[in-house]
Every structure is written in structure tokens, then in C-alpha cells.
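This report refers to the structure that appears directly beneath it.
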Amino acid sequence: MSPSIQLLKNRYLKNIKENPDLYIGIELEFPIVHVNGQATDIEVSKDLMRFLVNALNLEVEKEDQEGNPIQLVEPKSQDRILFEVSYTTLEFAFGRAQKIQEVQGRFETYMKVIQEKLGEKDHAIQGWGIHPNWNQNDNQPVAYPRYQMLMDYLHMGNRQERANLHDFPQYGAFICGSQVQLDVSTANYLRVINAFTQIEAAKAFLFANSEFSGADWDTQISRDIFWEESMHGIYPENVGVNAKLFKDEDDFFDYLDHSAIFTAERDGETYYFSPIRARDYLATEEVSAYTLNGKETLLVPHENDFQTHRSYQYQDLTTRGTVEFRSVCTQPLDRTFASAAFHLGLLVNLDKLETYLETAPFFEHFGRDYKSLRRQFSQKQLLDEETAGIVQFSKDLLAIAEQGLEMRGQQETTYLEPLKEKLTL
């Protein structure tokens with residue numbers, strides 16, 4: 001086994017259990033919007049965070065370089081409220097829960113206070129996958145090394161000779177997603193990744209909510225293009241829908257070995273550099289890297305640099321013994337938890353899902369290029385034949401998800417109602 005694969009296995013397999021309890025981890029990102037269509041006032045955002053410390057009895061976990069709180073934690077639940085990349089995006093990263101209602105209850109408590117406070121200054125949290133006023137906003141990163149590094153790294157695209165990168169390296173400041181993490185086991189994590197890779201077309205149809213006004217892209221999910229045609233997508237294995245299903249663990253880690261390393265830390269300083277495949281990293285004698293103030297220096301690659309490895313696949317094996325599903329746009333506020341319920345139900349009913357996918361009529365008709373199917377079914381206009389195919393596929397998946405939630409017996413099927421409504425329109 002190559003040293004890089006060994007390091008990746010150490011990083012990603014160490015916390016997977018044989019028989020874990022099933023917990024739900026939900027992360028929700030929302031744009032902070034000026035309701036009159038103007039740019040978000042980032043002083044209003046910063047003031048909100050200071051206010052929430054006392055209003056919700058939260059503790060400050062991280063501050064920016066000016067001493068503004070940028071990440072708050074609720075000690076008991078371990079819920080976190082933070083800025084995600086920019087001061088115009090607020091993220092809720094909930095502590096793990098046993099059922100969705102627990103998260104919803106806490107979310108509604110936080111939102112009541114937040115919306116009231118923002119409303120005093122004509123601002124609000126809104127349910128969009130793209131900040132509606134992205135082109136007017138101050139899209140600077142939060143003054144914190146990780147976010148500054150990410151933004152600087154994305155701006156390296158301007159210096160790439162490759163011509164197929166988009167012109168919006170600041171996109172990290174204005175795209176918003178809805179992620180769910182679910183516990184997986186040593187026996188099922190690859191099955192989960194493979195099964196969910198196959199349903200990205202249906203997820204594109206059900207959850208598209210990031211149409212972009214800044215470019216002539218025929219998609220309702222611009223976040224896919226933002227990710228895949230940026231520095232993150234220089235190596236296609238690094239982002240998006242997996243290009244194939246994995247035969248076994250070695251096959252999966254060989255794929256991960258093709259993903260990118262683009263950042264390292266030395267003596268408390270954060271560096272970034274043109275992406276290098278994990279498999280080639282340790283054999284590289286030295287790397288031309290940049291500090292956050294743009295100073296160029298030479299780094300010698302080190303095994304410890306794998307500790308910050310992060311790929312951005314839509315079915316992402318995390319270091320916490322979970323698979324994170326990261327392909328869903330932030331949803332309208334009245335369907336915030338539909339995505340979590342959909343994923344949870346399908347995971348619980350994994351055997352049935354796999355059996356269905358083996359012979360699903362949808363694939364007989366449209367093929368099994370999962371990456372291009374997602375792009376095809378997120379187009380703004382579908383042919384009648386495409387609509388009929390994707391609606392039936394989605395209905396079948398929804399029925400499997402609903403059955404999975406019923407098996408749990410936690411009254412979570414109500415969260416699927418907005419999806420059912422969408423499919424009957």
C-alpha cells in the first residue's frame with residue numbers, strides 16, 4: 001500500500017465503528033439578506049453575533065482578527081452558529097441528534113431571536129442557495145486564516161492557464177448549502193456512498209435552488225458549476241458526483257488518492273498552493289506556496305499535511321465516522337428539513353434502495369452516467385419525456401425514504417410532505 005493511501009485510510013477510517021448508533025448531524029447555511037434588495041450590511045451581521053451571545057446564552061468559540069465573534073457554541077447541545085466564509089452567510093451546525101424534531105425545535109428557537117434582531121435593520125435570513133444580492137455585497141472572507149486561505153486559493157484560478165474555470169472565484173462568499181451527516185459502519189459505508197451516487201439526478205430535481213443571475217448557465221444548481229469549474233475542480237475526483245461506483249475499499253481509496261492537497265500549516269502560518277494529487281504529494285520535493293499576505297515560499301511536503309486533507313465529493317466520507325451528503329442547495333425555509341428526512345429514510349431502508357436501483361427503469365431509459373445525469377436534470381427546462389422519467393424516479397425514491405422513516409417510528413415522515421407536493425404539481 002502506498003504511503004499516501006495509508007495516510008488517507010488512517011484519517012478517514014479511524015472513527016468508523018462496526019455497529020454505530022444512528023445519529024443525525026445537520027448543517028444549514030443561509031444568506032443574510034437586506035430585504036429591500038440592497039447589499040447586506042456586514043456591520044449588522046457582526047452585531048447580530050455579539051447580540052446572540054447573551055440572547056441565547058452562547059459561548060464565543062472563535063473570533064476574527066478584529067475580535068468580533070464569528071463562531072458561537074451552545075454548551076449543552078453543542079450546536080454552533082457561525083459565519084461560513086463570508087459575513088453575509090450564517091451557518092447552523094447542529095450537535096448530533098437522534099431525531100429530526102430535536103434539531104427543528106432548537107433551530108426554531110434560534111431563528112425567532114435572529115429574525116427579530118435582523119428585522120430591526122431590514123435584514124432577514126432567507127432560504128436561497130445563492131445570496132440574492134451577491135453582486136452588490138461585500139464578498140470579502142471572514143478575517144480568519146482558514147477562510148482567507150480558501151478565498152485566496154480560489155482566486156489562484158485567475159492565474160491558471162486552463163481556460164475552463166468560471167469567472168467567480170468569490171463564489172464561496174455567496175453559495176449556501178444544506179448538509180446532513182449520518183453515521184455509517186465499516187460494513188456499509190461504501191454501500192451508502194455507491195447508492196447515493198446513483199440518485200443525484202433525483203436530488204437535482206427535488207432540491208434545485210441556486211439559479212445564478214451572473215452567467216448564462218442552463219442550470220438551476222449553479223453551485224455544481226461553481227465547485228467543479230473552480231480551483232476545487234482542477235482534479236475531477238476532488239468534487240461533485242463520483243465518476244463511478246466503487247468495487248471495494250481499495251478502489252475507493254485509490255479514487256481518493258487522486259483528490260487534491262492544496263494547503264498546509266507551518267509554525268502556525270497557513271499556506272496554500274496549486275493543487276497536487278494526494279498520490280503525488282509526498283514524492284514532490286518542494287512546493288511553491290503562498291502565505292495569506294501573498295508572500296511566496298518553498299515548502300517541503302510532510303505526512304502531517306494529510307491531516308488537513310479535505311475532498312468535496314457529494315457523498316463525502318468524513319473523519320467522524322459519518323458520510324456527509326453535500327449536494328443540496330439551501331432550501332426555502334418551509335422545507336428546511338426535507339433533505340435531511342429524505343437522506344435519513346433512504347439510509348435506514350438501504351437494502352430496499354439498493355435492490356430498486358439495480359433495475360430502476362429510469363436508468364434503462366437515461367443511462368448510468370451519474371455525473372451528467374445530475375447536470376441534465378437540473379436544467380431550467382426539461383423535455384416532457386425527461387420530466388415524466390425524473391418525476392417517477394423521484395416518487396419511487398420518496399416511497400422508499402418514507403418507508404425507512406416509518407421503520408424508525410419517530411413521526412418524521414411529515415418532513416417529506418413538501419417533496420410530495422412538488423411531485424404532484
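Residues in the C-alpha cells are numbered from 1 in each chain, the chains being A, B, ... in the order shown, and ligands are numbered from 1 in the order shown.
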
| Using only C-alpha atoms, which residues sit within 8 Å of region 336-351 of chain A once same-chain residues fewer than 4 positions away are excluded, as a ChimeraX atom specification? | /A:24,26,100,104,178-180,182,192,207,328,330-332,355,397-398,400-405,407-408,412-413,415-419

| request: Please report, as an MDAnalysis selection string, each residue of region 97-282 of chain A to which DSSP assigns alpha helix (DSSP H) when run on this structure's backbone. | output: chainID A and resid 100:119 145:155 189:197 200:207 222:228 249:256 278:281

| field | strand (DSSP E) per DSSP on the backbone: members of region 93-222 of chain A, as a PyMOL selection string | value | chain A and resi 93+123-125+178-183

Export C-alpha atoms of the chosen residues as a PDB file, in the first residue's frame?
ATOM      1  CA  ALA A  93     -24.079  23.368  12.624  1.00  0.00           C
ATOM      2  CA  HIS A 123     -32.386  42.269   7.204  1.00  0.00           C
ATOM      3  CA  ALA A 124     -33.506  38.626   7.345  1.00  0.00           C
ATOM      4  CA  ILE A 125     -32.360  35.050   6.982  1.00  0.00           C
ATOM      5  CA  SER A 178     -27.862  22.146   3.299  1.00  0.00           C
ATOM      6  CA  GLN A 179     -25.736  19.242   4.521  1.00  0.00           C
ATOM      7  CA  VAL A 180     -26.647  16.148   6.507  1.00  0.00           C
ATOM      8  CA  GLN A 181     -24.241  13.685   8.119  1.00  0.00           C
ATOM      9  CA  LEU A 182     -25.338  10.192   9.060  1.00  0.00           C
ATOM     10  CA  ASP A 183     -23.413   7.504  10.931  1.00  0.00           C
TER      11      ASP A 183
END

For region 245-253 of chain A, please output as a short mmCIF file (atom, residue, chain, number, x, y, z; two decimals) with N, CA and C atoms, in the first residue's frame all residues within 8 Å (counting only C-alpha atoms; exclusion window: fewer than 2 positions along the same chain).
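And here is the file that came out, result.cif:
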data_model
loop_
_atom_site.label_atom_id
_atom_site.label_comp_id
_atom_site.auth_asym_id
_atom_site.auth_seq_id
_atom_site.Cartn_x
_atom_site.Cartn_y
_atom_site.Cartn_z
N ILE A 5 -1.99 6.42 0.49
CA ILE A 5 -3.24 5.69 0.77
C ILE A 5 -3.29 5.28 2.24
N LEU A 8 -4.38 8.31 4.12
CA LEU A 8 -5.81 8.58 3.90
C LEU A 8 -6.68 7.60 4.67
N LYS A 9 -6.29 6.34 4.67
CA LYS A 9 -7.05 5.34 5.43
C LYS A 9 -7.01 5.65 6.92
N LEU A 190 -19.33 2.04 2.14
CA LEU A 190 -19.17 2.06 0.68
C LEU A 190 -20.51 1.83 -0.01
N ASN A 194 -22.06 4.45 -2.69
CA ASN A 194 -22.46 3.99 -4.03
C ASN A 194 -23.94 4.21 -4.31
N THR A 197 -24.73 7.96 -4.75
CA THR A 197 -24.18 8.48 -6.01
C THR A 197 -25.18 8.31 -7.15
N ASN A 242 -19.36 11.30 -7.71
CA ASN A 242 -18.31 10.34 -8.03
C ASN A 242 -18.47 9.85 -9.46
N ALA A 243 -17.35 9.70 -10.16
CA ALA A 243 -17.38 9.32 -11.57
C ALA A 243 -17.75 7.84 -11.76
N TYR A 255 -9.33 6.14 -5.59
CA TYR A 255 -10.03 7.33 -6.10
C TYR A 255 -9.69 8.54 -5.23
N LEU A 256 -9.77 8.36 -3.93
CA LEU A 256 -9.47 9.45 -3.00
C LEU A 256 -8.01 9.90 -3.14
N ASP A 257 -7.15 8.97 -3.50
CA ASP A 257 -5.73 9.26 -3.71
C ASP A 257 -5.51 10.20 -4.89
#

Do a neighbour search on Met49 (chain A) at 10 Å with only C-alpha atoms, toss out local chain neighbours closer than 4 positions, and write the hits as an mmCIF file with N, CA and C atoms, in the first residue's frame.
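Once everything was written out, this is selection-v9.cif:
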data_model
loop_
_atom_site.group_PDB
_atom_site.id
_atom_site.type_symbol
_atom_site.label_atom_id
_atom_site.label_comp_id
_atom_site.auth_asym_id
_atom_site.auth_seq_id
_atom_site.Cartn_x
_atom_site.Cartn_y
_atom_site.Cartn_z
ATOM 1 N N VAL A 44 -24.240 44.865 10.483
ATOM 2 C CA VAL A 44 -25.461 44.272 11.041
ATOM 3 C C VAL A 44 -25.200 42.794 11.374
ATOM 4 N N SER A 45 -24.499 42.093 10.470
ATOM 5 C CA SER A 45 -24.154 40.681 10.704
ATOM 6 C C SER A 45 -23.289 40.528 11.951
ATOM 7 N N VAL A 53 -24.817 36.145 21.811
ATOM 8 C CA VAL A 53 -24.084 35.563 22.950
ATOM 9 C C VAL A 53 -24.957 35.590 24.200
ATOM 10 N N ASN A 54 -25.523 36.759 24.496
ATOM 11 C CA ASN A 54 -26.366 36.883 25.695
ATOM 12 C C ASN A 54 -27.800 36.453 25.432
ATOM 13 N N ALA A 55 -28.314 36.766 24.245
ATOM 14 C CA ALA A 55 -29.722 36.483 23.957
ATOM 15 C C ALA A 55 -30.018 34.980 23.984
ATOM 16 N N LEU A 58 -25.003 31.740 24.601
ATOM 17 C CA LEU A 58 -23.988 31.017 23.839
ATOM 18 C C LEU A 58 -22.593 31.447 24.285
ATOM 19 N N VAL A 60 -18.586 32.223 23.064
ATOM 20 C CA VAL A 60 -17.773 32.561 21.885
ATOM 21 C C VAL A 60 -16.673 31.509 21.742
ATOM 22 N N ASN A 68 -14.157 40.265 16.628
ATOM 23 C CA ASN A 68 -15.594 40.017 16.504
ATOM 24 C C ASN A 68 -15.868 38.522 16.643
ATOM 25 N N PRO A 69 -16.894 38.136 17.403
ATOM 26 C CA PRO A 69 -17.233 36.707 17.462
ATOM 27 C C PRO A 69 -17.695 36.210 16.091
ATOM 28 N N ILE A 70 -17.132 35.080 15.649
ATOM 29 C CA ILE A 70 -17.526 34.526 14.345
ATOM 30 C C ILE A 70 -18.031 33.094 14.478
ATOM 31 N N GLN A 71 -17.878 32.499 15.663
ATOM 32 C CA GLN A 71 -18.435 31.158 15.898
ATOM 33 C C GLN A 71 -18.846 31.055 17.358
ATOM 34 N N LEU A 72 -20.126 30.709 17.554
ATOM 35 C CA LEU A 72 -20.694 30.593 18.897
ATOM 36 C C LEU A 72 -21.113 29.147 19.125
ATOM 37 N N ILE A 81 -23.364 28.308 15.872
ATOM 38 C CA ILE A 81 -23.831 29.330 14.930
ATOM 39 C C ILE A 81 -22.590 30.102 14.507
ATOM 40 N N LEU A 82 -22.350 30.188 13.196
ATOM 41 C CA LEU A 82 -21.086 30.754 12.731
ATOM 42 C C LEU A 82 -21.253 31.427 11.381
ATOM 43 N N PHE A 83 -20.295 32.267 11.040
ATOM 44 C CA PHE A 83 -20.209 32.767 9.671
ATOM 45 C C PHE A 83 -19.499 31.708 8.828
ATOM 46 N N LEU A 90 -24.786 32.882 7.242
ATOM 47 C CA LEU A 90 -24.847 32.357 8.601
ATOM 48 C C LEU A 90 -25.084 30.850 8.532
ATOM 49 N N ILE A 114 -33.152 35.479 16.026
ATOM 50 C CA ILE A 114 -32.316 36.035 14.951
ATOM 51 C C ILE A 114 -33.147 36.899 14.003
#

| query | Looking at A:Gly119, A:Pro75, A:Gly157, A:Gly37, which one is nearest to Trp134 (chain A), with distances taken over only C-alpha atoms? | reply |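 That would be A:Gly37, the residue with the smallest distance to Trp134 (chain A).
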
| task | Take CA of Thr263 (chain A) and CA of Arg310 (chain A) and report the distance between them in Å, one decimal. | result |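 Spanning CA of Thr263 (chain A) to CA of Arg310 (chain A) is a straight-line distance of 9.7 Å.
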
| Nearby residues (only C-alpha atoms) at most 6 Å from region 231-240 of chain A, same-chain spacing under 6 positions excluded, as a list in words |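 Residues meeting the cut-off are Leu154, Gly157, Ser259, Ser311, Tyr312, Gln313 and Tyr314 of chain A.
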
| said: Env of Gly214 (chain A): 10 Å cut, atoms = only C-alpha atoms, seq-sep filter 6 positions within chain, self excluded. Answer as a list in words. | reply: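 The neighbour list is Trp134, Asn135, Asp167 and Phe168 of chain A.
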
Kindly export the residues of the current selection with N, CA and C atoms, as a PDB file, in the first residue's frame.
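Ended up saving to out37.pdb:
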ATOM      1  N   TRP A 134     -25.897  38.879  -4.269  1.00  0.00           N
ATOM      2  CA  TRP A 134     -24.473  38.523  -4.308  1.00  0.00           C
ATOM      3  C   TRP A 134     -23.620  39.572  -5.009  1.00  0.00           C
ATOM      4  N   ASN A 135     -24.172  40.190  -6.068  1.00  0.00           N
ATOM      5  CA  ASN A 135     -23.339  41.093  -6.879  1.00  0.00           C
ATOM      6  C   ASN A 135     -23.211  42.480  -6.271  1.00  0.00           C
ATOM      7  N   ASP A 167     -15.594  32.652 -13.892  1.00  0.00           N
ATOM      8  CA  ASP A 167     -15.022  33.959 -13.527  1.00  0.00           C
ATOM      9  C   ASP A 167     -15.497  34.458 -12.164  1.00  0.00           C
ATOM     10  N   PHE A 168     -15.890  33.545 -11.274  1.00  0.00           N
ATOM     11  CA  PHE A 168     -16.459  33.969  -9.994  1.00  0.00           C
ATOM     12  C   PHE A 168     -15.734  33.296  -8.821  1.00  0.00           C
TER      13      PHE A 168
END

With only C-alpha atoms as the counted atoms, please give the residues lying no more than 6 Å from region 286-295 of chain A, apart from itself and same-chain residues fewer than 2 positions off, as a PDB file with N, CA and C atoms, in the first residue's frame.
ATOM      1  N   TYR A 271      -0.614  28.145   4.654  1.00  0.00           N
ATOM      2  CA  TYR A 271      -0.119  28.291   3.280  1.00  0.00           C
ATOM      3  C   TYR A 271      -1.091  27.628   2.309  1.00  0.00           C
ATOM      4  N   TYR A 272      -1.086  28.108   1.065  1.00  0.00           N
ATOM      5  CA  TYR A 272      -1.866  27.442   0.007  1.00  0.00           C
ATOM      6  C   TYR A 272      -1.006  27.388  -1.246  1.00  0.00           C
ATOM      7  N   PHE A 273      -1.373  26.455  -2.143  1.00  0.00           N
ATOM      8  CA  PHE A 273      -0.570  26.261  -3.350  1.00  0.00           C
ATOM      9  C   PHE A 273      -1.422  25.578  -4.407  1.00  0.00           C
ATOM     10  N   THR A 284       6.775  14.882  -4.145  1.00  0.00           N
ATOM     11  CA  THR A 284       7.156  16.215  -4.630  1.00  0.00           C
ATOM     12  C   THR A 284       8.241  16.781  -3.710  1.00  0.00           C
ATOM     13  N   THR A 297       6.846  31.212  -0.867  1.00  0.00           N
ATOM     14  CA  THR A 297       7.898  30.490  -0.155  1.00  0.00           C
ATOM     15  C   THR A 297       7.915  29.044  -0.655  1.00  0.00           C
ATOM     16  N   LEU A 298       8.963  28.315  -0.329  1.00  0.00           N
ATOM     17  CA  LEU A 298       9.049  26.913  -0.716  1.00  0.00           C
ATOM     18  C   LEU A 298       8.783  26.030   0.504  1.00  0.00           C
ATOM     19  N   LEU A 299       7.869  25.066   0.362  1.00  0.00           N
ATOM     20  CA  LEU A 299       7.564  24.125   1.439  1.00  0.00           C
ATOM     21  C   LEU A 299       8.008  22.726   1.028  1.00  0.00           C
ATOM     22  N   VAL A 300       8.486  21.971   1.986  1.00  0.00           N
ATOM     23  CA  VAL A 300       8.760  20.558   1.760  1.00  0.00           C
ATOM     24  C   VAL A 300       7.535  19.775   2.239  1.00  0.00           C
TER      25      VAL A 300
END

| field | Counting only C-alpha atoms, the option among A:Arg146, A:His34, A:His309, A:Arg96 closest to Asp64 (chain A) | value | A:Arg146

| task | Calculate how many Å separate CA of Leu52 (chain A) from CA of Glu108 (chain A), rounding to one decimal. | result |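 Going from CA of Leu52 (chain A) over to CA of Glu108 (chain A), I get 14.3 Å.
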